[in-house]
Amino acid sequence: MAKQRDKILVVDDDLDSVNLINSQVLSPMGYDVAIANNVATAIQKAASFAPSLIIASLTLQGLSGKDLLTALRSQGTEIPVIVITPANDEAQALAAFRLGARDYLVRPLREAEIVTAVDRVMTEGRLRTERVALQQQLAQANADLQQRLKELTALSNIGKAVTDMNDLGLLFARLVDGAVLVTAADMGWLLLGDEANNGQLVLYAAKNMPGRAPLRQPWDDGLAPLVMMSGEALNIGGAGMAQFKIAQWAKAALVMPVKVRDQVVGVLTVANAAAKPFDDSHQSLLGAVADYASIAAVNVRLFQALESRAKSLQQGNEELRASQRSKDEILQKVSRELRGPLGQAKNYVELALSEASKLLNERQRGHLKVALEKLSAVDQLAGDLLSLEAGTDVAQTLTLRSVRLDDLARQSMTKHQPLAQENRVALVAEFAPITVQADSVRISRVFDNLIANAVKYSLRGSEVRVRVQKGEGTTAHVSIVDRGKGIDPVHLPNIFDRFYQASSMDGAGLGLSVVKEIIDAHGGKVWAESTPGKGSTFHFTLPKAAA
Ligand code: ADP
């Protein structure tokens, strides 16, 4: 059915035909009809009346219907035309079709034919209009979809950045980029309250912001404090902006609170330089970005807390080290002071034992021997303490010289002979002449400690064997083998630790840690093998001196 607004222009100078078309067909069908009886009027009305269809006679006085078609075509109008041809003149109809006519009616006109032709052409027109409208809608929907896709991609990228990124500065920059992208804004920035500074707003990231405010510095656009207080998003533009500082560069702004558990910790702002307002969809998209910003803000707080914790731990650690250093220094001083008198006391006891031996009875000699043993143990301990140069790198303090390793071993064995005799332990040497590049004082200390331990932990009547041999490749290999009580495998991995004692006898658990420090400093290796009840073997290697 025709709609009221559909208009038809009838161009004919035959009154009967006009009457038939208008009064008997088009008007009853509900069309709005205009009439022209010549081409000039028709062209005028085609423009002013804007019909949806023209029904035009090809045979008009003056200019013909074909002229009308030509004129309409040259004007580029798309109005469909039905032509009326004289009877028996199909050729005219054909010519009219070539000029773009949609249909034709033959005189004498008949109502039914007019109705059919008008309906067909009008329906065609309507369909064409609808198709165009649909195409436009489709194009718009496509554009909308593309935009949504862009927004979703931006949001998902921000989501990824929030979970993946360690660099917070970069993350905040991404957030602001994303905010600007999803709201199609000209510029954007993120302000967060500085907890340490009364919640003062600090600029964390900005994009296209005029004036280049420095990052990590306090900044205020005039609007942010309002949103910090209200906790509500603010969509502002036009005259309302004028009173705020931001109005210098922007005519529209959208300000979103960044919240952590209901507490506003900052604001995310996007703005347009022109008076291009933000709508509800921009607001909800910016809200999503602000949610991500809040996760990042939590991370900032955690990060800051961690940083200050790490700082205080480091401080505590330094204080501890300093106090440990001063303790070690005192220990070393005391040890140094002890060694002189201890050495003298030992010498006198030894002298008394050898020179005055005949004047003493067995009991008195026994007492002196115990005194000598105890003095030796304390002397050994003082020596170990002196060797522990805490906090210093032993390797830096070595005095390296070419030295015969077997000589150092021999000296140490001689030194321990009295103790060995006392314990009924035989000291056996198996030496090859080996020269090493070493600190002789330090390596003597290693022999002293290992031989003293071997004697100390040996069974009476057993032997301690000291081997100095060529090692594998360019190393020298020393082993000290005893047939003592051995070391439980549970303790074996720890015996080189400071103050570690597998079984408590005299000593402080320092000797082996001193040994390890010295051998490590020389670039050698030290280790122990032991079978409980059968004895232990302590090994160390040293790089041999270059030939
Ligand atoms: P300590 O002053 O206790 O002897 P060391 O550091 O010299 O300290 O030795 C650590 C521990 O290793 C000792 O307490 C002892 O239990 C064990 N140990 C060391 N050498 C021997 C050995 N030759 N035989 C058995 N146990 C040993």
# chains A, B, ... in the order shown; residues from 1 in each chain; ligands from 1
call {"tool": "residues_around", "arguments": {"residues": "segment 445-461 of chain A", "least_positions_apart": "2", "cutoff": "6 Å", "atoms": "only C-alpha atoms", "output": "PyMOL selection string"}}
result
chain A and resi 412+423-425+442-443+482-484+511+515
call {"tool": "residues_near_ligand", "arguments": {"ligand": "ligand 1", "cutoff": "7 Å", "atoms": "only C-alpha atoms and all ligand atoms", "output": "ChimeraX atom specification"}}
result
/A:449-450,453-454,457-458,482,484-487,495-496,498-513,535-536
call {"tool": "residues_around", "arguments": {"residues": "Leu192 of chain A", "least_positions_apart": "2", "cutoff": "7 Å", "atoms": "only C-alpha atoms", "output": "MDAnalysis selection string"}}
result
chainID A and resid 190 194 201:204 265:267
call {"tool": "write_last_selection", "arguments": {"atoms": "all heavy atoms", "output": "mmCIF file, in the first residue's frame"}}
result
data_model
loop_
_atom_site.group_PDB
_atom_site.id
_atom_site.type_symbol
_atom_site.label_atom_id
_atom_site.label_comp_id
_atom_site.auth_asym_id
_atom_site.auth_seq_id
_atom_site.Cartn_x
_atom_site.Cartn_y
_atom_site.Cartn_z
ATOM 1 N N LEU A 190 47.837 10.367 34.606
ATOM 2 C CA LEU A 190 47.507 9.604 35.814
ATOM 3 C C LEU A 190 48.181 10.260 37.010
ATOM 4 O O LEU A 190 49.388 10.485 37.008
ATOM 5 C CB LEU A 190 48.010 8.170 35.657
ATOM 6 C CG LEU A 190 47.869 7.286 36.901
ATOM 7 C CD1 LEU A 190 46.416 6.930 37.151
ATOM 8 C CD2 LEU A 190 48.683 6.011 36.752
ATOM 9 N N ASP A 194 50.472 10.638 47.079
ATOM 10 C CA ASP A 194 51.737 10.233 47.693
ATOM 11 C C ASP A 194 51.493 10.032 49.190
ATOM 12 O O ASP A 194 51.261 10.995 49.923
ATOM 13 C CB ASP A 194 52.774 11.339 47.444
ATOM 14 C CG ASP A 194 54.121 10.977 48.040
ATOM 15 O OD1 ASP A 194 54.227 9.875 48.606
ATOM 16 O OD2 ASP A 194 55.046 11.792 47.933
ATOM 17 N N LEU A 201 48.951 14.905 45.304
ATOM 18 C CA LEU A 201 48.885 14.217 44.010
ATOM 19 C C LEU A 201 50.184 14.356 43.233
ATOM 20 O O LEU A 201 50.727 15.453 43.089
ATOM 21 C CB LEU A 201 47.725 14.779 43.193
ATOM 22 C CG LEU A 201 46.355 14.343 43.695
ATOM 23 C CD1 LEU A 201 45.254 15.144 43.040
ATOM 24 C CD2 LEU A 201 46.141 12.854 43.448
ATOM 25 N N VAL A 202 50.652 13.202 42.750
ATOM 26 C CA VAL A 202 51.920 13.170 42.017
ATOM 27 C C VAL A 202 51.646 12.617 40.611
ATOM 28 O O VAL A 202 50.869 11.676 40.452
ATOM 29 C CB VAL A 202 52.932 12.259 42.765
ATOM 30 C CG1 VAL A 202 54.165 12.008 41.921
ATOM 31 C CG2 VAL A 202 53.302 12.888 44.098
ATOM 32 N N LEU A 203 52.278 13.227 39.613
ATOM 33 C CA LEU A 203 52.072 12.807 38.222
ATOM 34 C C LEU A 203 52.895 11.559 37.925
ATOM 35 O O LEU A 203 54.118 11.573 38.037
ATOM 36 C CB LEU A 203 52.490 13.940 37.281
ATOM 37 C CG LEU A 203 52.263 13.691 35.789
ATOM 38 C CD1 LEU A 203 50.777 13.601 35.481
ATOM 39 C CD2 LEU A 203 52.905 14.787 34.955
ATOM 40 N N TYR A 204 52.216 10.439 37.560
ATOM 41 C CA TYR A 204 52.936 9.193 37.310
ATOM 42 C C TYR A 204 53.117 8.891 35.829
ATOM 43 O O TYR A 204 54.045 8.196 35.444
ATOM 44 C CB TYR A 204 52.234 8.018 38.005
ATOM 45 C CG TYR A 204 52.757 7.810 39.403
ATOM 46 C CD1 TYR A 204 52.339 8.604 40.449
ATOM 47 C CD2 TYR A 204 53.709 6.831 39.659
ATOM 48 C CE1 TYR A 204 52.851 8.435 41.723
ATOM 49 C CE2 TYR A 204 54.225 6.651 40.925
ATOM 50 C CZ TYR A 204 53.786 7.457 41.949
ATOM 51 O OH TYR A 204 54.301 7.278 43.203
ATOM 52 N N VAL A 265 42.750 6.476 45.615
ATOM 53 C CA VAL A 265 44.201 6.636 45.753
ATOM 54 C C VAL A 265 44.783 7.496 44.639
ATOM 55 O O VAL A 265 45.948 7.860 44.668
ATOM 56 C CB VAL A 265 44.925 5.275 45.770
ATOM 57 C CG1 VAL A 265 44.491 4.447 46.954
ATOM 58 C CG2 VAL A 265 44.683 4.516 44.473
ATOM 59 N N GLY A 266 43.952 7.814 43.624
ATOM 60 C CA GLY A 266 44.450 8.636 42.530
ATOM 61 C C GLY A 266 43.356 8.908 41.525
ATOM 62 O O GLY A 266 42.193 8.534 41.743
ATOM 63 N N VAL A 267 43.700 9.589 40.427
ATOM 64 C CA VAL A 267 42.716 9.839 39.371
ATOM 65 C C VAL A 267 43.352 9.638 38.009
ATOM 66 O O VAL A 267 44.527 9.925 37.813
ATOM 67 C CB VAL A 267 42.119 11.268 39.420
ATOM 68 C CG1 VAL A 267 41.228 11.463 40.594
ATOM 69 C CG2 VAL A 267 43.194 12.311 39.372
#
call {"tool": "closest_residue", "arguments": {"among": "A:Ala293, A:Ile8, A:Leu492, A:Leu69", "to": "Arg98 of chain A", "atoms": "only C-alpha atoms"}}
result
A:Leu69
call {"tool": "closest_atom_pairs", "arguments": {"of": "segment 355-393 of chain A", "to": "segment 334-350 of chain A", "cutoff": "7 Å", "atoms": "only C-alpha atoms", "output": "Markdown table"}}
result
| residue | atom | partner | partner_atom | distance |
| --- | --- | --- | --- | --- |
| A:Leu368 | CA | A:Val349 | CA | 6.6 |
| A:Leu372 | CA | A:Lys346 | CA | 6.1 |
| A:Leu375 | CA | A:Lys346 | CA | 6.3 |
| A:Asp379 | CA | A:Leu342 | CA | 6.4 |
| A:Ala382 | CA | A:Ser335 | CA | 4.9 |
| A:Leu385 | CA | A:Ser335 | CA | 6.5 |
| A:Leu386 | CA | A:Ser335 | CA | 6.2 |
call {"tool": "residues_around", "arguments": {"residues": "Ala205 of chain A", "least_positions_apart": "3", "cutoff": "9 Å", "atoms": "only C-alpha atoms", "output": "list in words"}}
result
Gly169, Leu170, Phe172, Ala173, Arg174, Leu175, Val176, Gly188, Trp189, Leu190, Leu191, Leu215 and Arg216 of chain A
call {"tool": "decode", "arguments": {"residues": "segment 49-61 of chain A", "atoms": "all heavy atoms", "output": "mmCIF file, in the first residue's frame"}}
result
data_model
loop_
_atom_site.group_PDB
_atom_site.id
_atom_site.type_symbol
_atom_site.label_atom_id
_atom_site.label_comp_id
_atom_site.auth_asym_id
_atom_site.auth_seq_id
_atom_site.Cartn_x
_atom_site.Cartn_y
_atom_site.Cartn_z
ATOM 1 N N PHE A 49 8.906 19.688 -5.643
ATOM 2 C CA PHE A 49 7.939 18.747 -5.061
ATOM 3 C C PHE A 49 8.633 17.463 -4.576
ATOM 4 O O PHE A 49 8.153 16.782 -3.690
ATOM 5 C CB PHE A 49 6.880 18.440 -6.144
ATOM 6 C CG PHE A 49 5.771 17.544 -5.701
ATOM 7 C CD1 PHE A 49 4.926 17.893 -4.633
ATOM 8 C CD2 PHE A 49 5.536 16.324 -6.354
ATOM 9 C CE1 PHE A 49 3.897 17.063 -4.242
ATOM 10 C CE2 PHE A 49 4.506 15.496 -5.952
ATOM 11 C CZ PHE A 49 3.682 15.876 -4.904
ATOM 12 N N ALA A 50 9.814 17.193 -5.153
ATOM 13 C CA ALA A 50 10.622 16.011 -4.800
ATOM 14 C C ALA A 50 9.786 14.733 -4.813
ATOM 15 O O ALA A 50 9.607 14.101 -3.762
ATOM 16 C CB ALA A 50 11.296 16.210 -3.444
ATOM 17 N N PRO A 51 9.247 14.361 -5.996
ATOM 18 C CA PRO A 51 8.408 13.157 -6.048
ATOM 19 C C PRO A 51 9.241 11.881 -5.960
ATOM 20 O O PRO A 51 10.433 11.898 -6.252
ATOM 21 C CB PRO A 51 7.759 13.260 -7.429
ATOM 22 C CG PRO A 51 8.751 14.026 -8.246
ATOM 23 C CD PRO A 51 9.462 14.976 -7.311
ATOM 24 N N SER A 52 8.574 10.793 -5.578
ATOM 25 C CA SER A 52 9.250 9.492 -5.549
ATOM 26 C C SER A 52 9.120 8.821 -6.916
ATOM 27 O O SER A 52 9.810 7.846 -7.194
ATOM 28 C CB SER A 52 8.612 8.564 -4.518
ATOM 29 O OG SER A 52 8.566 9.187 -3.279
ATOM 30 N N LEU A 53 8.176 9.335 -7.743
ATOM 31 C CA LEU A 53 7.947 8.740 -9.071
ATOM 32 C C LEU A 53 7.391 9.817 -10.002
ATOM 33 O O LEU A 53 6.639 10.692 -9.573
ATOM 34 C CB LEU A 53 6.932 7.591 -8.920
ATOM 35 C CG LEU A 53 6.369 6.971 -10.191
ATOM 36 C CD1 LEU A 53 7.446 6.250 -10.998
ATOM 37 C CD2 LEU A 53 5.228 5.981 -9.858
ATOM 38 N N ILE A 54 7.801 9.738 -11.285
ATOM 39 C CA ILE A 54 7.225 10.647 -12.285
ATOM 40 C C ILE A 54 6.541 9.771 -13.339
ATOM 41 O O ILE A 54 7.135 8.775 -13.800
ATOM 42 C CB ILE A 54 8.317 11.514 -12.950
ATOM 43 C CG1 ILE A 54 8.990 12.424 -11.901
ATOM 44 C CG2 ILE A 54 7.733 12.362 -14.087
ATOM 45 C CD1 ILE A 54 10.189 13.208 -12.409
ATOM 46 N N ILE A 55 5.264 10.136 -13.673
ATOM 47 C CA ILE A 55 4.588 9.464 -14.799
ATOM 48 C C ILE A 55 4.501 10.524 -15.895
ATOM 49 O O ILE A 55 3.881 11.579 -15.685
ATOM 50 C CB ILE A 55 3.176 8.981 -14.412
ATOM 51 C CG1 ILE A 55 3.274 7.996 -13.207
ATOM 52 C CG2 ILE A 55 2.491 8.317 -15.604
ATOM 53 C CD1 ILE A 55 1.923 7.566 -12.655
ATOM 54 N N ALA A 56 5.199 10.315 -17.028
ATOM 55 C CA ALA A 56 5.286 11.380 -18.023
ATOM 56 C C ALA A 56 4.888 10.881 -19.402
ATOM 57 O O ALA A 56 5.333 9.802 -19.838
ATOM 58 C CB ALA A 56 6.700 11.941 -18.051
ATOM 59 N N SER A 57 4.079 11.691 -20.089
ATOM 60 C CA SER A 57 3.694 11.379 -21.470
ATOM 61 C C SER A 57 4.880 11.676 -22.382
ATOM 62 O O SER A 57 5.602 12.642 -22.167
ATOM 63 C CB SER A 57 2.478 12.227 -21.862
ATOM 64 O OG SER A 57 2.347 12.210 -23.252
ATOM 65 N N LEU A 58 5.069 10.801 -23.390
ATOM 66 C CA LEU A 58 6.163 11.078 -24.339
ATOM 67 C C LEU A 58 5.730 12.107 -25.366
ATOM 68 O O LEU A 58 6.564 12.763 -25.976
ATOM 69 C CB LEU A 58 6.592 9.779 -25.027
ATOM 70 C CG LEU A 58 7.379 8.788 -24.165
ATOM 71 C CD1 LEU A 58 7.695 7.516 -24.948
ATOM 72 C CD2 LEU A 58 8.688 9.422 -23.673
ATOM 73 N N THR A 59 4.423 12.223 -25.547
ATOM 74 C CA THR A 59 3.933 13.168 -26.570
ATOM 75 C C THR A 59 3.353 14.387 -25.878
ATOM 76 O O THR A 59 2.207 14.391 -25.460
ATOM 77 C CB THR A 59 2.858 12.494 -27.424
ATOM 78 O OG1 THR A 59 1.878 11.938 -26.543
ATOM 79 C CG2 THR A 59 3.443 11.400 -28.297
ATOM 80 N N LEU A 60 4.174 15.411 -25.766
ATOM 81 C CA LEU A 60 3.727 16.664 -25.134
ATOM 82 C C LEU A 60 3.862 17.772 -26.162
ATOM 83 O O LEU A 60 4.663 17.674 -27.097
ATOM 84 C CB LEU A 60 4.624 16.988 -23.934
ATOM 85 C CG LEU A 60 4.519 16.092 -22.706
ATOM 86 C CD1 LEU A 60 5.666 16.381 -21.741
ATOM 87 C CD2 LEU A 60 3.191 16.283 -21.983
ATOM 88 N N GLN A 61 3.100 18.831 -25.965
ATOM 89 C CA GLN A 61 3.261 20.019 -26.822
ATOM 90 C C GLN A 61 4.649 20.581 -26.540
ATOM 91 O O GLN A 61 5.091 20.593 -25.397
ATOM 92 C CB GLN A 61 2.226 21.093 -26.442
ATOM 93 C CG GLN A 61 0.764 20.663 -26.594
ATOM 94 C CD GLN A 61 0.323 20.629 -28.043
ATOM 95 O OE1 GLN A 61 0.763 21.480 -28.845
ATOM 96 N NE2 GLN A 61 -0.497 19.651 -28.428
#
